[in-house]
file data13.txt (compact mmCIF, C-alpha atoms and all ligand atoms)
# COMPACT_ATOMS: atom_id res chain seq x y z
CA MET Y 1 95.00 107.18 124.89
CA THR Y 2 97.38 104.54 126.10
CA ALA Y 3 96.35 100.97 125.76
CA ARG Y 4 97.53 98.17 127.95
CA ARG Y 5 97.07 94.65 126.74
CA PRO Y 6 93.89 93.19 128.17
CA GLY Y 7 94.61 89.80 126.67
CA GLY Y 8 96.21 90.95 123.47
CA TYR Y 9 95.20 92.70 120.29
CA PRO Y 10 93.89 91.07 117.08
CA GLY Y 11 96.51 88.74 115.61
CA ALA Y 12 97.90 90.06 112.34
CA ALA Y 13 100.93 90.22 110.07
CA ILE Y 14 102.34 92.79 107.68
CA THR Y 15 102.68 90.79 104.46
CA GLY Y 16 103.46 93.53 101.95
CA TRP Y 17 105.02 96.96 101.77
CA GLY Y 18 105.70 99.48 99.05
CA ILE Y 19 106.31 103.15 98.38
CA ALA Y 20 105.93 105.74 95.66
CA LEU Y 21 108.03 108.85 95.20
CA PRO Y 22 107.55 111.38 92.40
CA ASP Y 23 110.28 111.49 89.74
CA LYS Y 24 111.19 115.14 90.24
CA ILE Y 25 114.13 115.55 92.62
CA VAL Y 26 114.46 118.98 94.23
CA THR Y 27 117.88 119.57 95.78
CA ASN Y 28 118.93 122.11 98.38
CA ALA Y 29 120.89 123.83 95.60
CA ASP Y 30 117.61 124.29 93.71
CA PHE Y 31 116.24 126.25 96.70
CA ALA Y 32 119.49 128.17 97.21
CA ALA Y 33 119.26 129.31 93.59
CA ARG Y 34 115.98 131.16 94.24
CA LEU Y 35 115.65 131.70 98.02
CA ASP Y 36 117.83 133.20 100.73
CA THR Y 37 119.03 129.80 101.97
CA SER Y 38 121.94 127.41 101.52
CA ASP Y 39 122.70 123.71 101.35
CA ASP Y 40 124.76 124.09 104.54
CA TRP Y 41 121.87 125.66 106.50
CA ILE Y 42 119.32 123.07 105.35
CA VAL Y 43 121.57 120.07 106.00
CA GLU Y 44 122.80 121.36 109.35
CA ARG Y 45 119.36 122.41 110.67
CA THR Y 46 117.21 119.64 109.18
CA GLY Y 47 119.31 116.79 107.72
CA ILE Y 48 117.45 117.08 104.41
CA LYS Y 49 119.55 116.95 101.22
CA GLU Y 50 116.88 116.45 98.60
CA ARG Y 51 113.18 115.69 98.33
CA ARG Y 52 110.63 114.74 95.66
CA PHE Y 53 107.85 116.96 94.28
CA GLY Y 54 104.96 115.98 92.05
CA GLY Y 55 102.04 113.68 91.47
CA THR Y 56 98.70 113.52 93.20
CA THR Y 57 97.84 112.02 96.57
CA ARG Y 58 95.66 109.51 94.72
CA ALA Y 59 98.27 108.43 92.15
CA LEU Y 60 101.06 108.10 94.72
CA ALA Y 61 98.77 106.09 97.02
CA VAL Y 62 97.81 103.75 94.18
CA GLU Y 63 101.43 103.20 93.15
CA ALA Y 64 102.56 102.46 96.72
CA ALA Y 65 99.56 100.17 97.28
CA ARG Y 66 100.27 98.22 94.07
CA ALA Y 67 103.85 97.65 95.20
CA ALA Y 68 102.64 96.47 98.63
CA LEU Y 69 100.06 94.15 97.04
CA ALA Y 70 102.69 92.68 94.69
CA ARG Y 71 104.97 91.97 97.65
CA SER Y 72 102.12 90.32 99.60
CA GLY Y 73 101.06 88.17 96.64
CA HIS Y 74 97.45 89.34 96.92
CA GLU Y 75 95.08 90.92 94.41
CA ALA Y 76 93.35 94.19 95.20
CA ARG Y 77 89.95 92.46 95.16
CA GLU Y 78 91.13 90.42 98.18
CA ILE Y 79 91.43 93.64 100.21
CA ASP Y 80 88.29 94.29 102.24
CA LEU Y 81 89.50 97.39 104.11
CA LEU Y 82 91.43 100.43 102.90
CA VAL Y 83 92.55 103.15 105.30
CA LEU Y 84 94.20 106.11 103.61
CA SER Y 85 96.07 108.47 105.87
CA THR Y 86 96.35 111.89 104.27
CA THR Y 87 96.30 115.59 105.07
CA THR Y 88 96.25 116.51 101.39
CA PRO Y 89 93.28 114.81 99.67
CA ASP Y 90 93.10 115.92 96.02
CA GLN Y 91 89.45 116.97 96.46
CA ALA Y 92 87.35 118.05 99.44
CA VAL Y 93 84.67 115.48 98.59
CA PRO Y 94 84.70 112.55 98.11
CA ALA Y 95 87.51 111.16 100.24
CA ALA Y 96 90.76 110.38 98.41
CA SER Y 97 90.34 106.74 99.41
CA SER Y 98 87.28 106.55 97.17
CA ALA Y 99 89.36 107.08 94.00
CA VAL Y 100 92.18 104.89 95.30
CA HIS Y 101 89.69 102.09 96.06
CA ALA Y 102 88.30 102.35 92.52
CA ASP Y 103 91.72 102.58 90.81
CA LEU Y 104 92.97 99.50 92.63
CA GLY Y 105 89.72 97.51 92.40
CA CYS Y 106 89.48 96.73 96.13
CA SER Y 107 86.42 95.25 97.83
CA GLY Y 108 84.84 96.31 101.11
CA ALA Y 109 85.30 99.54 103.03
CA ALA Y 110 87.53 102.54 102.48
CA PHE Y 111 87.96 105.84 104.27
CA ASP Y 112 90.45 108.67 104.80
CA LEU Y 113 92.04 109.36 108.15
CA ASN Y 114 93.68 112.69 108.94
CA ALA Y 115 95.99 112.71 111.93
CA ALA Y 116 98.71 114.61 110.04
CA CYS Y 117 102.21 113.17 110.39
CA ALA Y 118 101.07 110.72 113.08
CA GLY Y 119 98.44 109.41 110.66
CA PHE Y 120 100.19 106.26 109.54
CA VAL Y 121 100.28 104.83 113.08
CA TYR Y 122 96.71 106.03 113.74
CA SER Y 123 95.67 104.20 110.55
CA LEU Y 124 97.60 101.05 111.39
CA VAL Y 125 95.95 100.82 114.81
CA THR Y 126 92.50 101.60 113.32
CA ALA Y 127 92.87 98.95 110.60
CA LEU Y 128 94.15 96.38 113.08
CA SER Y 129 91.20 96.97 115.39
CA MET Y 130 88.85 96.44 112.43
CA LEU Y 131 90.60 93.15 111.61
CA GLY Y 132 89.49 92.20 115.11
CA MET Y 133 85.90 92.97 114.01
CA GLY Y 134 86.04 90.52 111.10
CA TYR Y 135 87.82 92.26 108.24
CA LYS Y 136 90.41 89.96 106.68
CA ARG Y 137 92.95 92.02 104.81
CA ALA Y 138 93.67 95.74 104.94
CA LEU Y 139 95.67 98.19 102.90
CA VAL Y 140 97.05 100.92 105.15
CA ILE Y 141 98.38 103.77 103.04
CA GLY Y 142 100.00 107.08 103.92
CA SER Y 143 100.05 109.49 101.00
CA ASP Y 144 100.68 113.22 100.95
CA THR Y 145 101.49 115.94 98.45
CA LEU Y 146 102.58 118.67 100.82
CA SER Y 147 104.44 120.63 98.13
CA ARG Y 148 100.99 121.74 96.89
CA ILE Y 149 100.12 123.40 100.21
CA THR Y 150 103.57 124.81 100.93
CA ASP Y 151 104.48 128.38 99.99
CA GLN Y 152 107.49 127.78 97.75
CA THR Y 153 108.69 131.33 98.39
CA ASP Y 154 108.84 130.81 102.19
CA ARG Y 155 112.28 129.43 103.04
CA ALA Y 156 111.15 128.40 106.53
CA THR Y 157 108.73 125.76 105.21
CA ALA Y 158 109.55 125.23 101.52
CA VAL Y 159 112.73 123.27 102.18
CA LEU Y 160 111.00 120.88 104.61
CA PHE Y 161 107.81 119.50 103.10
CA ALA Y 162 107.57 117.10 100.16
CA ASP Y 163 105.52 114.43 98.39
CA GLY Y 164 105.37 110.66 98.64
CA ALA Y 165 103.41 107.60 99.69
CA GLY Y 166 103.96 104.36 101.56
CA ALA Y 167 101.65 101.38 102.01
CA ILE Y 168 101.44 98.09 103.86
CA VAL Y 169 99.17 95.06 103.55
CA LEU Y 170 97.93 94.02 106.96
CA GLU Y 171 96.34 90.56 107.26
CA ALA Y 172 94.33 88.98 110.04
CA ARG Y 173 96.41 86.08 111.40
CA PRO Y 174 95.04 84.78 114.67
CA ASP Y 175 98.31 82.92 115.33
CA ARG Y 176 100.52 86.03 115.02
CA GLU Y 177 101.05 88.77 117.56
CA LEU Y 178 101.88 91.93 115.61
CA LEU Y 179 100.94 94.79 117.94
CA LEU Y 180 102.43 94.73 121.43
CA SER Y 181 101.32 98.21 122.50
CA TYR Y 182 100.15 101.54 121.12
CA ASP Y 183 99.58 105.13 122.15
CA LEU Y 184 97.45 107.60 120.21
CA GLY Y 185 97.05 111.14 121.45
CA LEU Y 186 96.73 114.80 120.68
CA ASP Y 187 96.64 118.25 122.19
CA GLY Y 188 94.14 120.23 120.15
CA SER Y 189 95.00 123.43 121.99
CA LEU Y 190 98.25 123.46 119.95
CA ALA Y 191 96.47 123.44 116.57
CA SER Y 192 97.64 126.93 115.67
CA ILE Y 193 101.39 126.16 115.78
CA LEU Y 194 101.14 124.11 112.58
CA CYS Y 195 98.14 124.57 110.34
CA CYS Y 196 96.82 125.27 106.86
CA ASP Y 197 93.51 126.85 105.84
CA HIS Y 198 91.52 125.61 102.84
CA GLY Y 199 93.19 127.07 99.77
CA GLY Y 200 96.09 128.43 101.81
CA TYR Y 201 99.62 127.45 102.72
CA ILE Y 202 101.12 125.76 105.76
CA THR Y 203 102.07 128.13 108.56
CA MET Y 204 104.31 126.86 111.32
CA GLU Y 205 105.97 128.08 114.49
CA GLY Y 206 109.02 125.96 113.78
CA ARG Y 207 110.83 126.27 117.09
CA GLU Y 208 107.68 125.58 119.12
CA VAL Y 209 106.77 122.57 116.98
CA PHE Y 210 110.33 121.31 117.41
CA ARG Y 211 110.19 121.60 121.20
CA ARG Y 212 106.76 119.98 121.50
CA ALA Y 213 107.64 117.27 118.97
CA VAL Y 214 110.65 116.05 120.91
CA ARG Y 215 108.69 115.94 124.14
CA ALA Y 216 105.57 114.30 122.67
CA SER Y 217 107.36 111.65 120.67
CA VAL Y 218 109.74 110.72 123.48
CA GLU Y 219 106.96 110.47 126.09
CA SER Y 220 104.73 108.51 123.73
CA ALA Y 221 107.57 106.13 122.80
CA GLN Y 222 108.44 105.63 126.46
CA LYS Y 223 104.79 104.79 127.22
CA VAL Y 224 104.52 102.14 124.53
CA MET Y 225 107.88 100.63 125.45
CA ALA Y 226 106.75 100.35 129.08
CA ASP Y 227 103.37 98.92 128.07
CA ALA Y 228 105.01 96.33 125.82
CA GLY Y 229 107.58 95.51 128.49
CA VAL Y 230 110.52 96.25 126.17
CA LYS Y 231 113.73 98.15 126.88
CA ALA Y 232 115.72 100.30 124.47
CA ALA Y 233 118.14 97.41 123.92
CA ASP Y 234 115.23 95.22 122.72
CA ILE Y 235 114.29 97.59 119.87
CA ALA Y 236 115.73 96.19 116.64
CA LEU Y 237 114.47 99.13 114.60
CA TYR Y 238 113.21 102.58 115.53
CA VAL Y 239 111.06 104.16 112.82
CA PRO Y 240 110.48 107.81 113.74
CA HIS Y 241 108.50 110.40 111.81
CA GLN Y 242 110.91 112.01 109.36
CA ALA Y 243 110.65 115.76 110.02
CA ASN Y 244 114.06 116.89 111.20
CA LEU Y 245 117.22 114.90 111.90
CA ARG Y 246 117.82 116.98 115.04
CA ILE Y 247 114.41 115.92 116.41
CA ILE Y 248 115.26 112.29 115.66
CA ASP Y 249 118.71 112.64 117.26
CA ALA Y 250 117.20 114.17 120.40
CA ALA Y 251 114.65 111.33 120.63
CA VAL Y 252 117.28 108.66 120.01
CA GLN Y 253 119.42 110.06 122.81
CA ARG Y 254 116.59 110.37 125.29
CA LEU Y 255 115.24 106.90 124.51
CA GLY Y 256 118.70 105.35 124.61
CA ILE Y 257 118.30 103.68 121.23
CA ASP Y 258 121.44 103.30 119.11
CA ALA Y 259 121.41 105.60 116.09
CA ASP Y 260 122.34 102.64 113.85
CA ARG Y 261 119.04 100.99 114.80
CA THR Y 262 117.07 103.96 113.49
CA SER Y 263 115.59 104.18 110.00
CA ILE Y 264 116.32 107.54 108.40
CA VAL Y 265 115.02 108.49 104.97
CA LEU Y 266 114.44 112.23 105.32
CA ASP Y 267 117.82 113.04 103.77
CA HIS Y 268 116.34 112.01 100.39
CA THR Y 269 112.59 112.39 100.99
CA GLY Y 270 112.12 115.48 103.17
CA ASN Y 271 109.02 115.50 105.37
CA THR Y 272 106.28 113.51 103.59
CA SER Y 273 103.84 113.66 106.55
CA SER Y 274 101.49 110.65 106.53
CA ALA Y 275 103.87 108.76 104.27
CA SER Y 276 107.04 109.31 106.24
CA MET Y 277 106.99 106.40 108.70
CA ALA Y 278 105.61 104.07 106.01
CA ILE Y 279 108.49 104.99 103.70
CA ALA Y 280 111.05 104.57 106.50
CA LEU Y 281 109.61 101.17 107.44
CA ASN Y 282 109.57 100.10 103.80
CA GLU Y 283 113.15 101.15 103.20
CA ALA Y 284 114.38 99.22 106.24
CA ALA Y 285 112.48 96.12 105.10
CA GLU Y 286 113.86 96.45 101.56
CA LEU Y 287 117.40 96.81 102.93
CA GLY Y 288 116.97 93.54 104.85
CA ARG Y 289 117.17 95.33 108.21
CA LEU Y 290 114.12 93.44 109.57
CA LYS Y 291 113.84 89.78 110.41
CA ASP Y 292 111.02 87.72 111.88
CA GLY Y 293 110.53 88.42 115.56
CA ASP Y 294 112.27 91.81 115.53
CA ILE Y 295 110.78 94.45 117.83
CA VAL Y 296 109.96 97.64 115.91
CA LEU Y 297 109.10 100.99 117.47
CA LEU Y 298 107.13 103.47 115.36
CA SER Y 299 106.67 106.97 116.72
CA GLY Y 300 105.44 110.18 115.15
CA PHE Y 301 103.91 113.59 115.81
CA GLY Y 302 102.23 116.18 113.66
CA ALA Y 303 99.74 118.97 113.21
CA GLY Y 304 96.90 118.87 115.67
CA MET Y 305 99.08 118.45 117.58
CA THR Y 306 98.90 114.69 117.26
CA TRP Y 307 101.24 111.92 118.30
CA ALA Y 308 101.19 108.16 117.89
CA SER Y 309 103.51 105.31 118.74
CA ALA Y 310 103.36 101.55 118.44
CA VAL Y 311 105.56 98.61 119.31
CA LEU Y 312 105.30 95.81 116.74
CA ARG Y 313 106.75 92.34 116.49
CA TRP Y 314 107.86 92.09 112.87
CA GLY Y 315 106.88 88.94 111.04
CA SER Y 316 105.46 88.58 107.58
O1 LIG U 401 105.84 117.09 110.69
C1 LIG U 401 105.97 118.08 111.66
C2 LIG U 401 106.42 119.27 110.97
N1 LIG U 401 107.31 120.21 111.39
C3 LIG U 401 108.44 120.05 112.10
O2 LIG U 401 108.78 119.04 112.64
C4 LIG U 401 109.29 121.26 112.21
C5 LIG U 401 109.97 121.42 113.53
N2 LIG U 401 110.85 122.55 113.50
C6 LIG U 401 112.05 122.50 112.83
O3 LIG U 401 112.36 121.50 112.20
C7 LIG U 401 112.94 123.68 112.91
O4 LIG U 401 112.43 124.59 113.85
C8 LIG U 401 113.14 124.41 111.55
C9 LIG U 401 113.96 123.54 110.62
C10 LIG U 401 111.81 124.72 110.94
C11 LIG U 401 113.91 125.71 111.78
O5 LIG U 401 115.15 125.43 112.41
P1 LIG U 401 115.58 126.26 113.70
O6 LIG U 401 116.95 125.84 114.05
O7 LIG U 401 114.51 126.07 114.74
O8 LIG U 401 115.63 127.72 113.17
P2 LIG U 401 114.79 128.98 113.66
O9 LIG U 401 113.36 128.86 113.29
O10 LIG U 401 115.14 129.26 115.09
O11 LIG U 401 115.44 130.12 112.76
C12 LIG U 401 116.82 130.47 112.88
C13 LIG U 401 117.14 131.41 111.74
C14 LIG U 401 116.08 132.52 111.56
O12 LIG U 401 116.74 133.70 111.22
P3 LIG U 401 117.03 134.82 112.32
O13 LIG U 401 115.69 135.21 112.88
O14 LIG U 401 117.91 134.16 113.34
O15 LIG U 401 117.68 135.90 111.53
C15 LIG U 401 115.29 132.05 110.37
O16 LIG U 401 114.71 133.10 109.65
O17 LIG U 401 117.16 130.68 110.51
C16 LIG U 401 116.36 131.36 109.56
N3 LIG U 401 115.86 130.40 108.59
C17 LIG U 401 116.58 130.04 107.52
N4 LIG U 401 117.79 130.41 107.08
C18 LIG U 401 118.24 129.84 105.95
C19 LIG U 401 114.69 129.72 108.59
N5 LIG U 401 114.63 128.92 107.52
C20 LIG U 401 115.77 129.10 106.84
C21 LIG U 401 116.30 128.55 105.65
N6 LIG U 401 117.52 128.94 105.26
N7 LIG U 401 115.63 127.63 104.93
call {"tool": "encode", "arguments": {"input": "data13.txt", "output": "structure tokens"}}
result
Amino acid sequence: MTARRPGGYPGAAITGWGIALPDKIVTNADFAARLDTSDDWIVERTGIKERRFGGTTRALAVEAARAALARSGHEAREIDLLVLSTTTPDQAVPAASSAVHADLGCSGAAFDLNAACAGFVYSLVTALSMLGMGYKRALVIGSDTLSRITDQTDRATAVLFADGAGAIVLEARPDRELLLSYDLGLDGSLASILCCDHGGYITMEGREVFRRAVRASVESAQKVMADAGVKAADIALYVPHQANLRIIDAAVQRLGIDADRTSIVLDHTGNTSSASMAIALNEAAELGRLKDGDIVLLSGFGAGMTWASAVLRWGS
């Protein structure tokens, strides 16, 4: 669904951000030592050099959320809404957000949202809309432990997927315009090209996902740019889903955004699904690449097949 701005969205600001990555670094050489692959192949075809494995979705989410809370200067009890984007909850029931809510000591509501790798933007838009319904302060977290559902003997997927979490604190601020436009969508008829059964491993038609991903993320990004009335030259930072550097390069070229205005973390994180855009946004903010008023474009795609984009005006 594409949304135009019928008088604007709820005013809000991102006042905190944080990430969590497991300690264990897995390099391409580690894979080459046990699978029929090589550092050259992985770097050339994906852009990934190393990734992190370990932890639980819950523990990574809590660590990222604590970092975001510390940055925002707020206590967990001041949070009245927690949206946890994940495709890899540690248990089937209850939702992973239940344990995260308890570990942090939040107040109010919490729920999981599964829109795969587009989940962080889906969650951001969902949380923001609920701020418009009276919630005051939200934690939006993306946390995934994909290494647990990846067949580590399958070279086609093992080198791609990894673990991590990213979080932001989103606060209602009637005087601030954060969201300029958004686009959430999916094509459920493509579910089979990237999926995972309960207790199984991810299966993926890599080339088909690649082709669809470029098209979906470019079209979705173009829609939100048009809806927000911004041109490529206005985008201070492009935060794409971190799946494959060649997908990002293709999108950058088609959108006309300079590569040096793109946040890339997949070289050291791999594909962390729900966490990927949150980690890339966090890293840019930590590196001082964002200043008040900057226009930020987030755009991702994932299993479903889902896609989601948003244009934000940065300002904490
Ligand atoms: O969050 C969304 C998740 N997924 C994605 O975004 C994935 C999108 N797809 C991709 O990123 C790429 O399609 C891959 C990285 C998965 C694969 O790259 P590709 O350039 O599309 O390679 P391919 O699937 O066309 O395979 C080319 C060859 C095949 O061998 P043959 O049939 O030509 O003999 C594969 O078996 O590369 C082989 N191959 C590998 N070789 C060395 C596949 N994986 C590996 C590997 N190391 N790790």
call {"tool": "atom_distance", "arguments": {"input": "data13.txt", "atom1": "atom CA of Ala12 of chain Y", "atom2": "atom CA of Glu177 of chain Y"}}
result
6.2 Å
call {"tool": "residues_around", "arguments": {"input": "data13.txt", "residues": "Asp234 of chain Y", "least_positions_apart": "4", "cutoff": "12 Å", "atoms": "all atoms listed in the file", "output": "PDB file with C-alpha atoms, in the frame of the given file"}}
result
ATOM      1  CA  MET Y 225     107.880 100.630 125.450  1.00  0.00           C
ATOM      2  CA  ALA Y 226     106.750 100.350 129.080  1.00  0.00           C
ATOM      3  CA  ALA Y 228     105.010  96.330 125.820  1.00  0.00           C
ATOM      4  CA  GLY Y 229     107.580  95.510 128.490  1.00  0.00           C
ATOM      5  CA  VAL Y 230     110.520  96.250 126.170  1.00  0.00           C
ATOM      6  CA  TYR Y 238     113.210 102.580 115.530  1.00  0.00           C
ATOM      7  CA  LEU Y 255     115.240 106.900 124.510  1.00  0.00           C
ATOM      8  CA  GLY Y 256     118.700 105.350 124.610  1.00  0.00           C
ATOM      9  CA  ILE Y 257     118.300 103.680 121.230  1.00  0.00           C
ATOM     10  CA  ASP Y 258     121.440 103.300 119.110  1.00  0.00           C
ATOM     11  CA  ARG Y 261     119.040 100.990 114.800  1.00  0.00           C
ATOM     12  CA  GLY Y 293     110.530  88.420 115.560  1.00  0.00           C
ATOM     13  CA  ASP Y 294     112.270  91.810 115.530  1.00  0.00           C
ATOM     14  CA  ILE Y 295     110.780  94.450 117.830  1.00  0.00           C
ATOM     15  CA  VAL Y 296     109.960  97.640 115.910  1.00  0.00           C
ATOM     16  CA  LEU Y 297     109.100 100.990 117.470  1.00  0.00           C
ATOM     17  CA  VAL Y 311     105.560  98.610 119.310  1.00  0.00           C
ATOM     18  CA  LEU Y 312     105.300  95.810 116.740  1.00  0.00           C
ATOM     19  CA  ARG Y 313     106.750  92.340 116.490  1.00  0.00           C
TER      20      ARG Y 313
END
call {"tool": "atom_distance", "arguments": {"input": "data13.txt", "atom1": "atom CA of Thr153 of chain Y", "atom2": "atom CA of Arg34 of chain Y"}}
result
8.4 Å
call {"tool": "closest_residue", "arguments": {"input": "data13.txt", "among": "Y:Leu287, Y:Ala13, Y:Ile42, Y:Leu190", "to": "ligand LIG 401 (chain U)", "atoms": "all atoms listed in the file"}}
result
Y:Ile42
call {"tool": "closest_atom_pairs", "arguments": {"input": "data13.txt", "of": "chain Y", "to": "ligand LIG 401 (chain U)", "cutoff": "7 Å", "atoms": "only C-alpha atoms and all ligand atoms", "output": "CSV"}}
result
residue,atom,partner,partner_atom,distance
Y:Asp36,CA,U:LIG401,C18,6.2
Y:Thr37,CA,U:LIG401,N6,3.7
Y:Ser38,CA,U:LIG401,N6,6.0
Y:Trp41,CA,U:LIG401,C18,5.6
Y:Ile42,CA,U:LIG401,N7,5.9
Y:Arg45,CA,U:LIG401,O6,5.4
Y:Thr46,CA,U:LIG401,C9,5.3
Y:Cys117,CA,U:LIG401,O1,5.4
Y:Arg155,CA,U:LIG401,N7,4.2
Y:Ala156,CA,U:LIG401,N5,3.7
Y:Thr157,CA,U:LIG401,C10,6.6
Y:Val159,CA,U:LIG401,N7,5.9
Y:Gly206,CA,U:LIG401,O4,3.7
Y:Arg207,CA,U:LIG401,O4,4.0
Y:Val209,CA,U:LIG401,C5,4.8
Y:Phe210,CA,U:LIG401,C5,3.9
Y:Ala213,CA,U:LIG401,O2,6.7
Y:Ala243,CA,U:LIG401,O2,4.6
Y:Asn244,CA,U:LIG401,O3,5.0
Y:Asn271,CA,U:LIG401,O1,6.4
Y:Ser273,CA,U:LIG401,O1,5.7
Y:Phe301,CA,U:LIG401,C1,6.5
Y:Gly302,CA,U:LIG401,C1,4.6
Y:Ala303,CA,U:LIG401,C1,6.5
call {"tool": "atom_distance", "arguments": {"input": "data13.txt", "atom1": "atom CA of Ser299 of chain Y", "atom2": "atom CA of Phe53 of chain Y"}}
result
24.6 Å
call {"tool": "residues_around", "arguments": {"input": "data13.txt", "residues": "Asp112 of chain Y", "least_positions_apart": "4", "cutoff": "6 Å", "atoms": "only C-alpha atoms", "output": "list in words"}}
result
Val83, Leu84, Ser85, Ala95 and Ser97 of chain Y
call {"tool": "closest_residue", "arguments": {"input": "data13.txt", "among": "Y:His101, Y:Arg66, Y:Arg148, Y:Lys136", "to": "Phe161 of chain Y", "atoms": "all atoms listed in the file"}}
result
Y:Arg148
call {"tool": "closest_residue", "arguments": {"input": "data13.txt", "among": "Y:Gly164, Y:Gly11, Y:Gly54, Y:Gly188", "to": "Trp307 of chain Y", "atoms": "all atoms listed in the file"}}
result
Y:Gly188
call {"tool": "closest_residue", "arguments": {"input": "data13.txt", "among": "Y:Thr126, Y:Thr87, Y:Ser147, Y:Ala96", "to": "Asp197 of chain Y", "atoms": "all atoms listed in the file"}}
result
Y:Thr87
call {"tool": "residues_around", "arguments": {"input": "data13.txt", "residues": "Asp80 of chain Y", "least_positions_apart": "5", "cutoff": "8 Å", "atoms": "only C-alpha atoms", "output": "PyMOL selection string"}}
result
chain Y and resi 106-109+135-138
call {"tool": "residues_near_point", "arguments": {"input": "data13.txt", "point": "(119.6, 116.3, 101.1)", "cutoff": "6 Å", "atoms": "all atoms listed in the file", "output": "list in words"}}
result
Ile48, Lys49, Glu50, Asp267 and His268 of chain Y
call {"tool": "residues_around", "arguments": {"input": "data13.txt", "residues": "Glu63 of chain Y", "least_positions_apart": "5", "cutoff": "9 Å", "atoms": "only C-alpha atoms", "output": "number ranges by chain"}}
result
Y: 18-21, 58, 68, 165-166
call {"tool": "axis_aligned_box", "arguments": {"input": "data13.txt", "around": "segment 121-137 of chain Y", "padding_each_side": "4 Å", "output": "lines of an AutoDock Vina configuration file"}}
result
center_x = 93.1
center_y = 98.0
center_z = 110.1
size_x = 22.4
size_y = 24.1
size_z = 18.6
call {"tool": "closest_residue", "arguments": {"input": "data13.txt", "among": "Y:Leu266, Y:Met305, Y:Ala191, Y:Ala76", "to": "Ala162 of chain Y", "atoms": "all atoms listed in the file"}}
result
Y:Leu266
